[in-house]
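Worksheet: the structure to be examined is printed underneath.
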There are 2 protein chains.
Amino acid sequence: MNIGQAAKHSGLSAKMIRYYESIGLLKPASRSDSGYRLYSNDDLHTLAFIKRSRDLGFSLEEVGKLLTLWQDRQRASSDVKALARQHIDALNQKITELTSLRDTLQDLVENCQGDHRPDCPILKDLESACCLNRAKAL
Amino acid sequence: MNIGQAAKHSGLSAKMIRYYESIGLLKPASRSDSGYRLYSNDDLHTLAFIKRSRDLGFSLEEVGKLLTLWQDRQRASSDVKALARQHIDALNQKITELTSLRDTLQDLVENCQGDHRPDCPILKDLESACCLNRAKAL
DNA sequence: CTTGACCTTCCCATGGGGTCAAGGTCGATT
DNA sequence: AATCGACCTTGACCCCATGGGAAGGTCAAG
């Protein structure tokens with residue numbers, strides 16, 4: 001199976017598959033006589049694993065670790081759990097930050113009349129460097 | 001005032017100030033005889049505006065629009081409000097996505113024993129391309 | 001034989017910065 | 001006057017993860 005088919009089946013782009021190979025996330029694919037990359041069903045399985053991990057928000061570095069754990073029959077599930085927990089923590093932090101930003105903006109929007117008069121509390125807030133106690137999130 | 005001082009007062013880095021100038025977000029600063037950038041109190045005000053907008057999560061492109069609106073005395077506050085609303089929507093979408101990912105991972109972690117036996121539902125889930133109905137978030 | 005779909009490698013771009021290098025300028029001390 | 005350290009200048013390259021596109025090779029169908 002050529003890279004285009006592998007891409008379709010895995011949900012990754014051909015570009016990404018080549019990139020993953022180039023950074024060592026994937027072992028170099030076998031090649032046809034003419035130099036085309038060839039993918040087996042096992043390879044497809046690995047590609048799907050990567051796709052799924054990426055969809056769950058793991059970085060490529062984390063995906064690499066997960067792949068190693070996946071391929072290691074002696075892996076301790078606690079390792080995987082730790083990696084997942086770490087990722088959950090990062091997600092939670094991001095969620096907290098974004099929520100705080102949203103709430104601040106929401107406050108500002110609610111105090112903005114939104115008509116055609118130029119008096120706008122949103123700009124007023126952005127303008128006032130003195131009142132940074134509203135949104136310390138970042 | 002030189003760029004270092006301006007950076008300290010605004011909370012931006014000198015590097016970022018130069019970058020903002022290079023992409024046209026800021027008007028070119030005036031220069032001393034020796035070529036150093038010079039910043040007035042008005043400039044500081046603008047830098048603080050940018051810092052605050054970035055802290056609220058606006059992209060540089062959005063910051064540019066906000067700056068224009070800020071400097072336009074005839075601006076309609078509805079324009080600003082629309083921009084803020086749009087940003088709130090984007091934040092909400094991101095929050096929803098991240099929350100969904102976190103919940104999926106949380107489920108997986110809760111079903112993982114985390115001991116030293118290699119049987120791990122997290123890897124099982126990542127492995128199974130057939131069961132993509134768990135986390136469709138991305 | 002030609003067409004068009006596919007493949008290859010290579011380079012460039014994104015955003016929002018960080019880091020480092022080579023050199024110019026400044027104020028203060030020796 | 002010389003020197004030192006702190007500051008400034010531009011420029012280049014790094015990160016992540018990916019998209020876009022150029023220039024050229026390969027393949028199967030018409």
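All residue names refer to the structure tokens as shown: chains lettered A, B, ... in order, residues numbered from 1 in each chain, ligands numbered from 1 in order.
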Worksheet entry | Counting only C-alpha atoms (C1' of nucleotides), chain D residues within 9 Å of chain A, as a PyMOL selection string | chain D and resi 16-19+25-26
Write the residues of the selection above to a file with all heavy atoms, as a compact mmCIF listing (two decimals), in the first residue's frame.
# COMPACT_ATOMS: atom_id res chain seq x y z
P DC D 16 10.40 20.61 18.97
OP1 DC D 16 10.49 19.57 20.01
OP2 DC D 16 10.99 20.41 17.64
O5' DC D 16 8.86 20.97 18.76
C5' DC D 16 8.06 21.29 19.88
C4' DC D 16 6.67 21.64 19.40
O4' DC D 16 6.73 22.88 18.68
C3' DC D 16 6.12 20.59 18.44
O3' DC D 16 4.87 20.17 18.94
C2' DC D 16 5.97 21.31 17.10
C1' DC D 16 6.01 22.78 17.48
N1 DC D 16 6.69 23.68 16.52
C2 DC D 16 6.04 24.83 16.07
O2 DC D 16 4.90 25.06 16.48
N3 DC D 16 6.68 25.65 15.22
C4 DC D 16 7.91 25.36 14.80
N4 DC D 16 8.51 26.20 13.96
C5 DC D 16 8.60 24.19 15.25
C6 DC D 16 7.96 23.38 16.09
P DA D 17 4.49 18.66 18.76
OP1 DA D 17 3.57 18.26 19.84
OP2 DA D 17 5.71 17.88 18.49
O5' DA D 17 3.65 18.75 17.41
C5' DA D 17 2.57 19.64 17.35
C4' DA D 17 2.17 19.88 15.92
O4' DA D 17 3.06 20.84 15.33
C3' DA D 17 2.19 18.67 15.01
O3' DA D 17 0.89 18.52 14.50
C2' DA D 17 3.20 19.02 13.92
C1' DA D 17 3.19 20.53 13.96
N9 DA D 17 4.40 21.19 13.49
C8 DA D 17 5.69 20.76 13.57
N7 DA D 17 6.57 21.60 13.05
C5 DA D 17 5.78 22.64 12.60
C6 DA D 17 6.10 23.84 11.95
N6 DA D 17 7.34 24.21 11.64
N1 DA D 17 5.08 24.68 11.64
C2 DA D 17 3.83 24.31 11.97
N3 DA D 17 3.40 23.21 12.57
C4 DA D 17 4.45 22.40 12.86
P DT D 18 0.49 17.38 13.52
OP1 DT D 18 -0.90 17.04 13.84
OP2 DT D 18 1.52 16.35 13.45
O5' DT D 18 0.48 18.22 12.17
C5' DT D 18 -0.24 19.44 12.15
C4' DT D 18 0.14 20.26 10.96
O4' DT D 18 1.49 20.70 11.02
C3' DT D 18 0.05 19.57 9.60
O3' DT D 18 -1.27 19.74 9.11
C2' DT D 18 1.09 20.30 8.76
C1' DT D 18 1.73 21.27 9.75
N1 DT D 18 3.18 21.44 9.56
C2 DT D 18 3.63 22.65 9.09
O2 DT D 18 2.87 23.58 8.81
N3 DT D 18 4.99 22.77 8.93
C4 DT D 18 5.93 21.79 9.22
O4 DT D 18 7.12 22.00 9.04
C5 DT D 18 5.39 20.54 9.70
C7 DT D 18 6.31 19.42 10.04
C6 DT D 18 4.06 20.43 9.86
P DG D 19 -1.70 19.32 7.67
OP1 DG D 19 -3.15 19.12 7.70
OP2 DG D 19 -0.79 18.25 7.22
O5' DG D 19 -1.38 20.62 6.82
C5' DG D 19 -1.83 21.89 7.27
C4' DG D 19 -1.54 22.93 6.21
O4' DG D 19 -0.15 23.32 6.29
C3' DG D 19 -1.78 22.46 4.78
O3' DG D 19 -2.42 23.50 4.05
C2' DG D 19 -0.38 22.18 4.25
C1' DG D 19 0.47 23.18 5.03
N9 DG D 19 1.83 22.71 5.27
C8 DG D 19 2.19 21.51 5.84
N7 DG D 19 3.49 21.36 5.94
C5 DG D 19 4.01 22.51 5.39
C6 DG D 19 5.35 22.92 5.22
O6 DG D 19 6.39 22.31 5.52
N1 DG D 19 5.44 24.17 4.61
C2 DG D 19 4.36 24.93 4.22
N2 DG D 19 4.63 26.10 3.65
N3 DG D 19 3.10 24.57 4.38
C4 DG D 19 3.00 23.35 4.97
P DG D 25 13.44 13.45 -13.63
OP1 DG D 25 14.87 13.15 -13.81
OP2 DG D 25 12.59 13.84 -14.76
O5' DG D 25 12.77 12.19 -12.90
C5' DG D 25 13.41 11.64 -11.75
C4' DG D 25 12.51 10.58 -11.16
O4' DG D 25 11.27 11.20 -10.74
C3' DG D 25 12.12 9.45 -12.10
O3' DG D 25 12.13 8.22 -11.39
C2' DG D 25 10.71 9.82 -12.54
C1' DG D 25 10.17 10.49 -11.28
N9 DG D 25 9.11 11.45 -11.51
C8 DG D 25 9.19 12.64 -12.20
N7 DG D 25 8.06 13.30 -12.21
C5 DG D 25 7.18 12.50 -11.49
C6 DG D 25 5.82 12.70 -11.17
O6 DG D 25 5.08 13.64 -11.47
N1 DG D 25 5.31 11.64 -10.41
C2 DG D 25 6.04 10.54 -10.03
N2 DG D 25 5.40 9.62 -9.31
N3 DG D 25 7.31 10.35 -10.31
C4 DG D 25 7.81 11.36 -11.05
P DT D 26 11.80 6.87 -12.21
OP1 DT D 26 12.54 5.79 -11.52
OP2 DT D 26 11.99 7.14 -13.65
O5' DT D 26 10.25 6.64 -11.93
C5' DT D 26 9.81 6.54 -10.58
C4' DT D 26 8.41 5.94 -10.55
O4' DT D 26 7.42 6.97 -10.81
C3' DT D 26 8.13 4.83 -11.55
O3' DT D 26 7.32 3.88 -10.89
C2' DT D 26 7.36 5.55 -12.66
C1' DT D 26 6.55 6.55 -11.83
N1 DT D 26 6.11 7.81 -12.48
C2 DT D 26 4.82 8.23 -12.31
O2 DT D 26 4.01 7.62 -11.65
N3 DT D 26 4.51 9.41 -12.92
C4 DT D 26 5.36 10.20 -13.69
O4 DT D 26 4.95 11.24 -14.20
C5 DT D 26 6.69 9.69 -13.85
C7 DT D 26 7.69 10.47 -14.66
C6 DT D 26 7.01 8.53 -13.25
Find the residues in chain C near chain A: any atom within 9 Å counts, using only C-alpha atoms (C1' of nucleotides). Write them as a PDB file with C-alpha atoms (C1' of nucleotides), in the first residue's frame.
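Full text of part.pdb as output:
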ATOM      1  C1'  DC C   6       0.424   9.618  -7.663  1.00  0.00           C
ATOM      2  C1'  DC C   7       5.018   9.588  -5.606  1.00  0.00           C
ATOM      3  C1'  DT C   8       9.799  11.615  -4.299  1.00  0.00           C
TER       4       DT C   8
END
Fill in: For Gly11 in chain A: contacts at 12 Å, only C-alpha atoms (C1' of nucleotides), fewer than 4 positions along chain excluded, given as a ChimeraX atom specification
/A:3-7,15-17,44-52,54-55 /B:129,132,138
Discussion item. If you run DSSP on the backbone here, which positions in range 20-121 of chain A get alpha helix (DSSP H)? Please write them as number ranges by chain.
Written reply: A: 20-22, 41-55, 60-71, 77-110, 121
Fill in: From B:Pro28, B:Gly114, B:Gly64, B:Pro121, residue lying nearest chain A [only C-alpha atoms]
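Counting only C-alpha atoms, the residue closest to chain A is B:Gly114.
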